[in-house]
file input_24.tsv (TSV, C-alpha atoms)
chain	number	residue	atom	x	y	z
A	1	MET	CA	144.62	-60.70	89.31
A	2	SER	CA	144.94	-62.19	85.86
A	3	ARG	CA	145.62	-60.03	82.86
A	4	PRO	CA	142.64	-59.03	80.72
A	5	VAL	CA	142.10	-61.12	77.60
A	6	ARG	CA	143.56	-59.42	74.55
A	7	PHE	CA	142.98	-61.95	71.77
A	8	ASN	CA	140.08	-63.96	70.54
A	9	THR	CA	137.56	-61.72	72.29
A	10	HIS	CA	135.09	-61.77	69.40
A	11	SER	CA	134.85	-65.49	68.95
A	12	LYS	CA	132.53	-66.65	66.26
A	13	GLN	CA	129.55	-68.73	67.18
A	14	ALA	CA	129.52	-72.10	65.54
A	15	ASP	CA	126.92	-72.28	62.81
A	16	ILE	CA	125.77	-75.83	62.35
A	17	ASN	CA	123.34	-75.15	59.57
A	18	ASP	CA	125.92	-74.32	57.00
A	19	ASN	CA	129.00	-75.89	58.34
A	20	ILE	CA	128.86	-79.63	58.03
A	21	ALA	CA	131.25	-81.29	55.62
A	22	LEU	CA	129.76	-84.26	53.88
A	23	ILE	CA	131.84	-86.81	52.10
A	24	THR	CA	130.88	-86.90	48.46
A	25	ALA	CA	130.66	-90.17	46.57
A	26	PRO	CA	133.38	-90.86	43.99
A	27	GLU	CA	132.66	-90.19	40.33
A	28	GLY	CA	130.60	-92.81	38.67
A	29	SER	CA	127.25	-93.50	37.18
A	30	GLY	CA	124.35	-94.67	39.15
A	31	GLY	CA	120.71	-95.30	39.01
A	32	ASP	CA	117.97	-96.99	40.90
A	33	GLY	CA	119.68	-99.34	43.32
A	34	TYR	CA	123.13	-99.34	41.77
A	35	TYR	CA	126.16	-97.14	41.50
A	36	ALA	CA	129.10	-97.93	39.26
A	37	THR	CA	132.45	-96.47	40.02
A	38	ASN	CA	136.00	-97.72	40.13
A	39	LEU	CA	137.14	-99.94	42.93
A	40	GLU	CA	140.20	-97.89	43.70
A	41	SER	CA	138.24	-94.79	44.60
A	42	VAL	CA	135.80	-96.69	46.77
A	43	ILE	CA	138.57	-98.39	48.67
A	44	ALA	CA	140.49	-95.16	48.97
A	45	LEU	CA	137.40	-93.49	50.37
A	46	GLY	CA	136.94	-96.20	52.92
A	47	ARG	CA	140.57	-96.23	53.99
A	48	LYS	CA	140.85	-92.48	54.10
A	49	TYR	CA	138.10	-91.89	56.58
A	50	SER	CA	138.87	-94.76	58.89
A	51	ILE	CA	142.58	-94.64	59.56
A	52	TRP	CA	143.49	-96.39	62.80
A	53	PRO	CA	146.63	-94.85	64.20
A	54	LEU	CA	149.28	-96.42	66.41
A	55	PRO	CA	150.57	-93.68	68.69
A	56	PHE	CA	154.25	-94.30	69.30
A	57	ALA	CA	154.49	-91.49	71.81
A	58	THR	CA	157.84	-91.21	73.56
A	59	SER	CA	158.08	-87.71	74.97
A	60	CYS	CA	156.56	-84.24	74.96
A	61	CYS	CA	154.91	-84.57	71.56
A	62	GLY	CA	152.98	-87.44	73.12
A	63	ILE	CA	151.36	-84.96	75.47
A	64	GLU	CA	150.32	-82.80	72.54
A	65	PHE	CA	148.91	-85.94	70.97
A	66	MET	CA	146.92	-86.63	74.11
A	67	ALA	CA	145.51	-83.12	73.77
A	68	THR	CA	144.71	-83.82	70.13
A	69	MET	CA	142.79	-86.94	71.04
A	70	ALA	CA	140.94	-85.24	73.84
A	71	ALA	CA	137.63	-83.45	73.48
A	72	ASN	CA	138.81	-80.02	72.44
A	73	TYR	CA	140.75	-80.97	69.30
A	74	ASP	CA	139.20	-84.35	68.79
A	75	LEU	CA	141.06	-86.51	66.28
A	76	ALA	CA	138.23	-89.02	66.27
A	77	ARG	CA	136.30	-86.66	64.01
A	78	PHE	CA	138.69	-87.67	61.25
A	79	GLY	CA	138.09	-91.36	61.64
A	80	ALA	CA	140.89	-92.11	64.07
A	81	GLU	CA	138.44	-93.34	66.63
A	82	ARG	CA	140.20	-96.53	67.59
A	83	LEU	CA	143.76	-96.09	68.68
A	84	ALA	CA	145.35	-99.47	68.55
A	85	PHE	CA	148.53	-99.86	70.49
A	86	THR	CA	149.35	-102.95	68.56
A	87	PRO	CA	151.01	-102.70	65.16
A	88	ARG	CA	149.09	-105.68	63.83
A	89	GLN	CA	145.80	-103.83	63.75
A	90	CYS	CA	146.57	-100.34	62.63
A	91	ASP	CA	147.38	-98.40	59.49
A	92	LEU	CA	149.22	-95.33	60.59
A	93	LEU	CA	152.32	-95.26	62.78
A	94	MET	CA	152.49	-91.88	64.47
A	95	VAL	CA	155.97	-91.41	65.91
A	96	MET	CA	155.83	-88.63	68.45
A	97	GLY	CA	158.85	-87.77	70.49
A	98	THR	CA	162.57	-88.24	70.76
A	99	ILE	CA	163.80	-91.59	69.51
A	100	SER	CA	167.16	-92.53	70.98
A	101	LYS	CA	169.58	-94.84	69.23
A	102	LYS	CA	168.72	-97.55	71.72
A	103	MET	CA	165.03	-97.23	70.79
A	104	GLY	CA	165.74	-97.36	67.05
A	105	PRO	CA	165.61	-101.16	66.63
A	106	VAL	CA	162.40	-101.26	68.68
A	107	LEU	CA	160.77	-98.71	66.38
A	108	LYS	CA	161.93	-100.63	63.34
A	109	GLN	CA	160.51	-103.83	64.76
A	110	VAL	CA	157.15	-102.14	65.36
A	111	TYR	CA	157.16	-100.85	61.79
A	112	LEU	CA	157.96	-104.31	60.42
A	113	GLN	CA	155.09	-105.82	62.36
A	114	MET	CA	152.58	-103.56	60.64
A	115	SER	CA	150.86	-105.00	57.61
A	116	GLU	CA	150.49	-103.20	54.31
A	117	PRO	CA	149.15	-100.64	53.56
A	118	ARG	CA	150.90	-98.69	56.24
A	119	TRP	CA	151.82	-95.05	56.58
A	120	VAL	CA	154.16	-93.23	58.94
A	121	LEU	CA	153.60	-89.79	60.39
A	122	SER	CA	156.60	-88.23	62.09
A	123	VAL	CA	155.41	-85.69	64.64
A	124	GLY	CA	157.68	-83.12	66.18
A	125	ALA	CA	161.22	-81.95	65.59
A	126	CYS	CA	162.87	-84.86	67.39
A	127	ALA	CA	161.22	-87.52	65.28
A	128	CYS	CA	161.77	-85.58	62.06
A	129	SER	CA	165.43	-84.73	62.54
A	130	GLY	CA	166.64	-85.21	66.08
A	131	GLY	CA	165.32	-81.82	67.15
A	132	ILE	CA	167.44	-79.85	69.58
A	133	PHE	CA	169.09	-83.04	70.77
A	134	ASP	CA	172.02	-83.24	68.41
A	135	THR	CA	173.90	-85.73	70.57
A	136	TYR	CA	175.55	-89.11	70.40
A	137	SER	CA	172.56	-90.89	71.86
A	138	VAL	CA	169.62	-89.49	69.87
A	139	LEU	CA	168.68	-90.79	66.45
A	140	GLN	CA	168.82	-87.82	64.12
A	141	GLY	CA	165.46	-88.40	62.48
A	142	ILE	CA	163.45	-91.58	62.18
A	143	ASP	CA	163.83	-91.54	58.41
A	144	GLN	CA	167.22	-93.07	59.01
A	145	ILE	CA	165.49	-96.32	59.89
A	146	ILE	CA	161.95	-96.30	58.48
A	147	PRO	CA	160.35	-94.59	55.48
A	148	VAL	CA	158.23	-91.60	56.51
A	149	ASP	CA	155.21	-90.22	54.65
A	150	VAL	CA	154.41	-86.93	56.35
A	151	TYR	CA	156.58	-84.83	58.66
A	152	VAL	CA	154.95	-82.50	61.15
A	153	PRO	CA	157.44	-79.90	62.37
A	154	GLY	CA	157.16	-78.15	65.69
A	155	CYS	CA	158.49	-78.39	69.18
A	156	PRO	CA	155.92	-79.49	70.07
A	157	PRO	CA	153.50	-78.98	67.21
A	158	ARG	CA	150.15	-77.65	68.29
A	159	PRO	CA	147.22	-80.07	68.10
A	160	GLU	CA	146.02	-78.17	65.05
A	161	ALA	CA	149.33	-78.96	63.37
A	162	ILE	CA	149.06	-82.63	64.23
A	163	ILE	CA	145.57	-82.65	62.78
A	164	ASP	CA	146.92	-80.96	59.68
A	165	GLY	CA	149.55	-83.68	59.34
A	166	PHE	CA	146.84	-86.27	59.73
A	167	MET	CA	144.83	-84.61	56.99
A	168	ARG	CA	147.87	-84.72	54.68
A	169	ILE	CA	148.06	-88.44	55.41
A	170	GLN	CA	144.40	-88.68	54.51
A	171	ASP	CA	145.18	-86.99	51.20
A	172	LEU	CA	147.91	-89.53	50.53
A	173	VAL	CA	145.64	-92.41	51.43
A	174	GLY	CA	142.87	-91.05	49.26
A	175	LYS	CA	145.07	-90.86	46.18
A	176	GLU	CA	147.03	-94.06	46.60
A	177	SER	CA	146.86	-96.64	43.87
A	178	LEU	CA	145.93	-100.16	44.87
A	179	ARG	CA	149.07	-101.56	43.27
A	180	ARG	CA	151.49	-99.14	44.86
A	181	ARG	CA	152.73	-101.56	47.49
A	182	ASN	CA	153.72	-104.10	44.86
A	183	SER	CA	155.42	-101.64	42.55
A	184	PRO	CA	159.20	-101.81	41.98
A	185	GLU	CA	159.72	-98.27	43.26
A	186	TYR	CA	158.17	-99.13	46.58
A	187	LYS	CA	160.17	-102.34	46.84
A	188	GLU	CA	163.31	-100.36	46.12
A	189	LEU	CA	162.40	-97.86	48.81
A	190	LEU	CA	161.99	-100.60	51.37
A	191	GLN	CA	165.22	-102.23	50.31
A	192	SER	CA	167.07	-99.00	50.82
A	193	TYR	CA	166.02	-99.27	54.45
A	194	GLY	CA	167.01	-102.88	54.67
A	195	ILE	CA	163.41	-104.09	54.88
A	196	GLU	CA	162.49	-107.02	52.66
B	197	MET	CA	176.81	-84.19	114.64
B	198	ASP	CA	178.63	-81.65	112.56
B	199	ASN	CA	181.42	-81.72	110.03
B	200	ALA	CA	184.17	-81.24	112.60
B	201	PHE	CA	182.97	-84.30	114.53
B	202	ILE	CA	182.90	-86.46	111.37
B	203	GLN	CA	186.34	-85.25	110.36
B	204	LYS	CA	187.73	-86.04	113.81
B	205	LYS	CA	186.29	-89.55	113.78
B	206	LEU	CA	187.69	-90.24	110.32
B	207	GLU	CA	191.12	-88.96	111.20
B	208	GLU	CA	191.17	-90.99	114.42
B	209	LYS	CA	190.33	-94.17	112.58
B	210	PHE	CA	192.25	-93.72	109.32
B	211	GLY	CA	194.83	-91.10	110.04
B	212	ASP	CA	196.83	-90.41	106.92
B	213	LEU	CA	194.57	-92.21	104.51
B	214	VAL	CA	191.96	-89.46	104.45
B	215	VAL	CA	193.22	-86.21	103.01
B	216	ASN	CA	191.99	-82.99	101.47
B	217	PHE	CA	189.13	-82.13	103.75
B	218	GLU	CA	187.06	-79.34	102.25
B	219	GLU	CA	183.60	-77.95	102.82
B	220	PRO	CA	182.16	-76.57	99.61
B	221	TYR	CA	178.70	-75.15	100.38
B	222	GLY	CA	178.75	-76.79	103.80
B	223	MET	CA	179.09	-80.42	102.64
B	224	LEU	CA	182.17	-82.16	104.01
B	225	THR	CA	184.30	-83.58	101.23
B	226	PHE	CA	187.43	-85.70	101.53
B	227	GLU	CA	189.63	-87.82	99.38
B	228	THR	CA	191.26	-91.18	99.78
B	229	GLU	CA	193.30	-93.71	97.85
B	230	LYS	CA	191.33	-95.87	95.48
B	231	ASN	CA	192.16	-99.08	97.31
B	232	ASN	CA	190.55	-97.83	100.48
B	233	ASN	CA	187.14	-96.93	99.18
B	234	ILE	CA	185.34	-100.01	100.49
B	235	LYS	CA	186.99	-99.66	103.89
B	236	MET	CA	185.71	-96.08	104.08
B	237	LEU	CA	182.19	-96.98	102.99
B	238	GLN	CA	182.05	-99.88	105.42
B	239	PHE	CA	183.27	-97.80	108.34
B	240	LEU	CA	180.85	-94.99	107.59
B	241	TYR	CA	178.06	-97.55	107.38
B	242	ASP	CA	178.83	-99.54	110.51
B	243	ASP	CA	179.83	-96.84	112.94
B	244	PRO	CA	176.94	-96.33	115.42
B	245	GLU	CA	177.44	-92.60	115.58
B	246	LEU	CA	178.14	-91.84	111.93
B	247	ARG	CA	175.50	-94.11	110.32
B	248	PHE	CA	175.94	-93.06	106.68
B	249	ARG	CA	173.67	-95.76	105.37
B	250	PHE	CA	172.29	-94.23	102.19
B	251	LEU	CA	174.27	-93.92	98.99
B	252	THR	CA	172.73	-90.97	97.23
B	253	ASP	CA	174.91	-90.92	94.16
B	254	LEU	CA	177.96	-92.48	92.62
B	255	THR	CA	179.36	-90.55	89.73
B	256	VAL	CA	182.59	-89.78	87.93
B	257	VAL	CA	184.30	-86.58	86.84
B	258	HIS	CA	186.95	-86.49	84.15
B	259	TYR	CA	189.84	-84.07	84.68
B	260	PRO	CA	192.06	-84.45	81.63
B	261	GLU	CA	194.80	-82.13	82.96
B	262	ASN	CA	195.55	-84.13	86.13
B	263	VAL	CA	197.79	-86.72	84.57
B	264	GLY	CA	197.67	-89.91	86.62
B	265	ARG	CA	194.51	-88.86	88.46
B	266	GLU	CA	192.12	-88.15	85.62
B	267	LEU	CA	188.95	-89.90	86.69
B	268	ALA	CA	187.46	-88.94	90.04
B	269	VAL	CA	184.85	-91.37	91.34
B	270	VAL	CA	182.62	-89.39	93.69
B	271	TYR	CA	180.41	-91.01	96.33
B	272	HIS	CA	177.63	-89.00	97.95
B	273	LEU	CA	176.47	-90.44	101.26
B	274	HIS	CA	173.56	-89.44	103.44
B	275	ASN	CA	172.81	-90.05	107.08
B	276	LEU	CA	169.05	-90.28	107.14
B	277	VAL	CA	168.68	-90.18	110.92
B	278	ASP	CA	170.68	-87.01	111.59
B	279	ASN	CA	170.24	-85.52	108.10
B	280	VAL	CA	173.91	-85.05	107.34
B	281	ARG	CA	175.48	-85.42	103.91
B	282	LEU	CA	179.02	-86.39	103.05
B	283	ARG	CA	181.02	-86.67	99.87
B	284	PHE	CA	184.21	-88.53	99.21
B	285	LYS	CA	186.31	-88.95	96.12
B	286	VAL	CA	188.78	-91.48	94.87
B	287	PHE	CA	191.02	-90.61	91.95
B	288	THR	CA	192.16	-93.10	89.38
B	289	ASP	CA	194.29	-93.09	86.28
B	290	VAL	CA	192.49	-93.16	82.97
B	291	ASN	CA	194.77	-95.91	81.62
B	292	GLN	CA	194.09	-98.20	84.57
B	293	PRO	CA	190.65	-97.21	85.86
B	294	ASP	CA	190.03	-100.10	88.29
B	295	VAL	CA	188.05	-99.31	91.40
B	296	PHE	CA	186.54	-101.77	93.86
B	297	THR	CA	182.80	-102.11	93.59
B	298	ALA	CA	180.43	-100.88	96.29
B	299	SER	CA	177.60	-103.12	95.12
B	300	ALA	CA	178.20	-105.64	97.89
B	301	LEU	CA	177.41	-102.97	100.45
B	302	TYR	CA	174.83	-100.85	98.63
B	303	ALA	CA	172.43	-102.55	96.23
B	304	CYS	CA	171.81	-99.35	94.31
B	305	ALA	CA	175.50	-99.09	93.48
B	306	ASN	CA	174.93	-101.85	90.92
B	307	TRP	CA	173.23	-99.60	88.40
B	308	LEU	CA	175.11	-96.47	89.40
B	309	GLU	CA	178.39	-98.23	88.65
B	310	ARG	CA	177.06	-99.53	85.36
B	311	GLU	CA	176.26	-95.96	84.41
B	312	ALA	CA	179.74	-94.81	85.49
B	313	TYR	CA	181.23	-97.56	83.36
B	314	ASP	CA	179.00	-96.73	80.39
B	315	PHE	CA	179.91	-93.05	80.27
B	316	PHE	CA	183.47	-92.92	81.63
B	317	GLY	CA	184.90	-96.38	81.37
B	318	VAL	CA	185.65	-96.91	85.04
B	319	ASN	CA	186.12	-100.62	85.60
B	320	PHE	CA	184.53	-101.72	88.86
B	321	VAL	CA	186.34	-104.80	90.10
B	322	GLY	CA	183.98	-107.42	91.46
B	323	HIS	CA	180.82	-106.05	89.87
B	324	PRO	CA	178.37	-108.84	89.01
B	325	ASN	CA	177.28	-107.47	85.63
B	326	LEU	CA	179.37	-104.59	84.34
B	327	ILE	CA	177.84	-103.81	80.94
B	328	ARG	CA	176.45	-100.68	79.34
B	329	ILE	CA	173.21	-99.54	80.79
B	330	MET	CA	172.00	-96.51	78.86
B	331	ASN	CA	173.90	-96.41	75.61
B	332	VAL	CA	173.71	-98.84	72.74
B	333	GLU	CA	175.69	-102.02	73.45
B	334	GLU	CA	177.77	-101.70	70.28
B	335	MET	CA	179.20	-98.34	71.29
B	336	ASN	CA	182.94	-98.66	71.67
B	337	TYR	CA	183.85	-95.36	73.31
B	338	PHE	CA	182.96	-93.64	76.56
B	339	PRO	CA	180.91	-90.59	75.63
B	340	LEU	CA	181.24	-88.34	78.67
B	341	ARG	CA	185.01	-88.22	78.64
B	342	LYS	CA	186.17	-84.80	77.62
B	343	GLU	CA	187.79	-85.84	74.33
B	344	PHE	CA	184.53	-87.01	72.76
B	345	PRO	CA	182.14	-84.52	71.19
B	346	LEU	CA	178.53	-84.14	72.21
B	347	GLU	CA	177.18	-83.98	68.71
B	348	ASP	CA	176.26	-86.88	66.54
B	349	GLN	CA	178.97	-87.25	63.94
B	350	THR	CA	176.83	-88.74	61.22
B	351	ARG	CA	175.05	-85.56	60.24
B	352	ILE	CA	176.04	-84.03	56.94
B	353	ASP	CA	173.54	-81.22	56.71
B	354	LYS	CA	174.70	-78.97	59.51
B	355	ASP	CA	175.64	-75.48	58.54
B	356	ASP	CA	178.90	-74.71	60.34
B	357	ALA	CA	178.42	-70.96	60.20
B	358	MET	CA	175.24	-71.21	62.25
B	359	PHE	CA	177.04	-73.11	64.99
B	360	GLY	CA	179.93	-70.75	65.43
B	361	ARG	CA	182.44	-72.83	63.51
B	362	GLY	CA	184.18	-72.01	60.23
call {"tool": "encode", "arguments": {"input": "input_24.tsv", "output": "structure tokens"}}
result
Amino acid sequence: MSRPVRFNTHSKQADINDNIALITAPEGSGGDGYYATNLESVIALGRKYSIWPLPFATSCCGIEFMATMAANYDLARFGAERLAFTPRQCDLLMVMGTISKKMGPVLKQVYLQMSEPRWVLSVGACACSGGIFDTYSVLQGIDQIIPVDVYVPGCPPRPEAIIDGFMRIQDLVGKESLRRRNSPEYKELLQSYGIE
Amino acid sequence: MDNAFIQKKLEEKFGDLVVNFEEPYGMLTFETEKNNNIKMLQFLYDDPELRFRFLTDLTVVHYPENVGRELAVVYHLHNLVDNVRLRFKVFTDVNQPDVFTASALYACANWLEREAYDFFGVNFVGHPNLIRIMNVEEMNYFPLRKEFPLEDQTRIDKDDAMFGRG
């Protein structure tokens, strides 16, 4: 016989009347039929709530990602409805799983094929730093080859943690300036990775 | 068909060339000179009673203390009809690790030998395409030999005290 449930026995009922988050419009002045605000905040709003991720799932963290995309922890609620498996059509590269040294150039090529603006989310201990696989064949963190925006630690991280990482990416997207990708600091960052 | 029968057949055919018969955990194991490995494999394949026609595994063990016999190439064979397994080893020197290839007889030996070359440096003479299979092509050492460390040497942030060193 299974053990009796000890935790989460008084689960709260979902209350839909008071519990819906609505996206508020950016600051601006409006009137009958018009609303004036700055372009950056409108674009940031649009980008933030419609990020299309590219799941680069190699190992166990990929399974946690599958759970995150499934019905229980739905990532589509956050705008990641369309998972593109092609780098040409997506904004966010989610690297989930162990990247070996042989896979490194492949990952770099996928990153180079993405068009700006692009973000990288490194999910799991292996992608962040090599994880428990401190060996000659595993790349000790993908930030050795591509610039990373958000790191999600865990082995594997729970779907809630992956969603949290995604929300941090949303924060970054929401606050990003339109000229960031042309700025000298960004160019210097890319050059330090050998990307022109 | 039991181990005694196989041993008798091998000794009848090859006499002195097969030595060191052992039976760890019930699997018959013997050793031969490295020049005879194809002869052994071919005989075990063709013989109508022995019929060892499945190469389960081809791997290498590195014994750094046995000077002159450091690398042991181990072949695991399986007789699918009578369900009998057999193992035989050939020893080779680490400075001259040439062994004849079994890929003419067993197609799967192609990749197994590439893996043995990749990790131990055993040179299979006559192999159609002996290049690294799992590691990066630019790697210039053989990682599973005992003198090379497991850990990646490019890390600078490891705390030695946490790993039992220093």
call {"tool": "interface_residues", "arguments": {"input": "input_24.tsv", "of": "chain B", "to": "chain A", "cutoff": "6 Å", "atoms": "all atoms listed in the file", "output": "list in words"}}
result
Val332, Leu346, Glu347 and Asp348 of chain B
call {"tool": "residues_around", "arguments": {"input": "input_24.tsv", "residues": "Gln238 (chain B)", "least_positions_apart": "3", "cutoff": "12 Å", "atoms": "only C-alpha atoms", "output": "list of chain:residue names"}}
result
B:Asn232, B:Asn233, B:Ile234, B:Lys235, B:Tyr241, B:Asp242, B:Asp243, B:Pro244, B:Leu246, B:Arg247, B:Phe248, B:Arg249, B:Phe250, B:Leu251, B:Leu273, B:Ala298, B:Ser299, B:Ala300, B:Leu301, B:Tyr302
call {"tool": "residues_around", "arguments": {"input": "input_24.tsv", "residues": "Ser122 (chain A)", "least_positions_apart": "4", "cutoff": "9 Å", "atoms": "only C-alpha atoms", "output": "VMD selection string"}}
result
chain A and resid 93 to 97 126 to 128 141 to 143 148 to 153 165
call {"tool": "atom_distance", "arguments": {"input": "input_24.tsv", "atom1": "CA of Arg47 (chain A)", "atom2": "CA of Gln170 (chain A)"}}
result
8.5 Å
call {"tool": "residues_around", "arguments": {"input": "input_24.tsv", "residues": "region 282-291 of chain B", "least_positions_apart": "4", "cutoff": "8 Å", "atoms": "all atoms listed in the file", "output": "list in words"}}
result
Met223, Leu224, Thr225, Phe226, Glu227, Thr228, Glu229, Lys230, Asn233, Val263, Gly264, Arg265, Glu266, Leu267, Ala268, Val269, Val270, Tyr271, His272, Leu273, His274 and Val295 of chain B
call {"tool": "residues_around", "arguments": {"input": "input_24.tsv", "residues": "Pro53 (chain A)", "least_positions_apart": "2", "cutoff": "8 Å", "atoms": "only C-alpha atoms", "output": "number ranges by chain"}}
result
A: 51, 55, 80, 82-84, 90-94
call {"tool": "atom_distance", "arguments": {"input": "input_24.tsv", "atom1": "CA of Ile352 (chain B)", "atom2": "CA of Ala125 (chain A)"}}
result
17.3 Å
call {"tool": "closest_residue", "arguments": {"input": "input_24.tsv", "among": "B:Leu308, B:Glu343, B:Thr297, B:Glu334", "to": "Leu237 (chain B)", "atoms": "all atoms listed in the file"}}
result
B:Thr297
call {"tool": "atom_distance", "arguments": {"input": "input_24.tsv", "atom1": "CA of Leu178 (chain A)", "atom2": "CA of Ile43 (chain A)"}}
result
8.5 Å
call {"tool": "closest_residue", "arguments": {"input": "input_24.tsv", "among": "A:Ser50, A:Thr86, A:Ser2, A:Ser177", "to": "Gln113 (chain A)", "atoms": "all atoms listed in the file"}}
result
A:Thr86
call {"tool": "residues_near_point", "arguments": {"input": "input_24.tsv", "point": "(181.4, -93.8, 81.0)", "cutoff": "12 Å", "atoms": "all atoms listed in the file", "output": "PyMOL selection string"}}
result
chain B and resi 255-258+267-269+290+293+308-320+326-331+335-342+344
call {"tool": "closest_residue", "arguments": {"input": "input_24.tsv", "among": "A:Ala21, A:Ile99, A:Tyr49, A:Gly31", "to": "Glu81 (chain A)", "atoms": "only C-alpha atoms"}}
result
A:Tyr49
call {"tool": "decode", "arguments": {"input": "input_24.tsv", "residues": "region 265-287 of chain B", "atoms": "C-alpha atoms", "output": "short mmCIF file (atom, residue, chain, number, x, y, z; two decimals), in the first residue's frame"}}
result
data_model
loop_
_atom_site.label_atom_id
_atom_site.label_comp_id
_atom_site.auth_asym_id
_atom_site.auth_seq_id
_atom_site.Cartn_x
_atom_site.Cartn_y
_atom_site.Cartn_z
CA ARG B 265 52.49 -5.87 -22.20
CA GLU B 266 50.69 -2.73 -21.14
CA LEU B 267 47.65 -2.66 -23.39
CA ALA B 268 45.35 -5.68 -23.32
CA VAL B 269 42.91 -5.83 -26.22
CA VAL B 270 39.96 -7.90 -25.03
CA TYR B 271 37.50 -9.59 -27.40
CA HIS B 272 34.18 -10.84 -26.07
CA LEU B 273 32.56 -13.45 -28.29
CA HIS B 274 29.14 -15.02 -28.08
CA ASN B 275 27.72 -18.20 -29.54
CA LEU B 276 24.11 -17.31 -30.15
CA VAL B 277 22.93 -20.84 -30.91
CA ASP B 278 24.26 -22.55 -27.77
CA ASN B 279 24.36 -19.39 -25.61
CA VAL B 280 28.00 -19.64 -24.63
CA ARG B 281 30.30 -16.68 -24.09
CA LEU B 282 34.04 -16.52 -24.50
CA ARG B 283 36.70 -13.92 -23.88
CA PHE B 284 40.19 -13.71 -25.22
CA LYS B 285 42.94 -11.19 -24.76
CA VAL B 286 45.97 -10.12 -26.70
CA PHE B 287 48.63 -8.04 -25.01
#
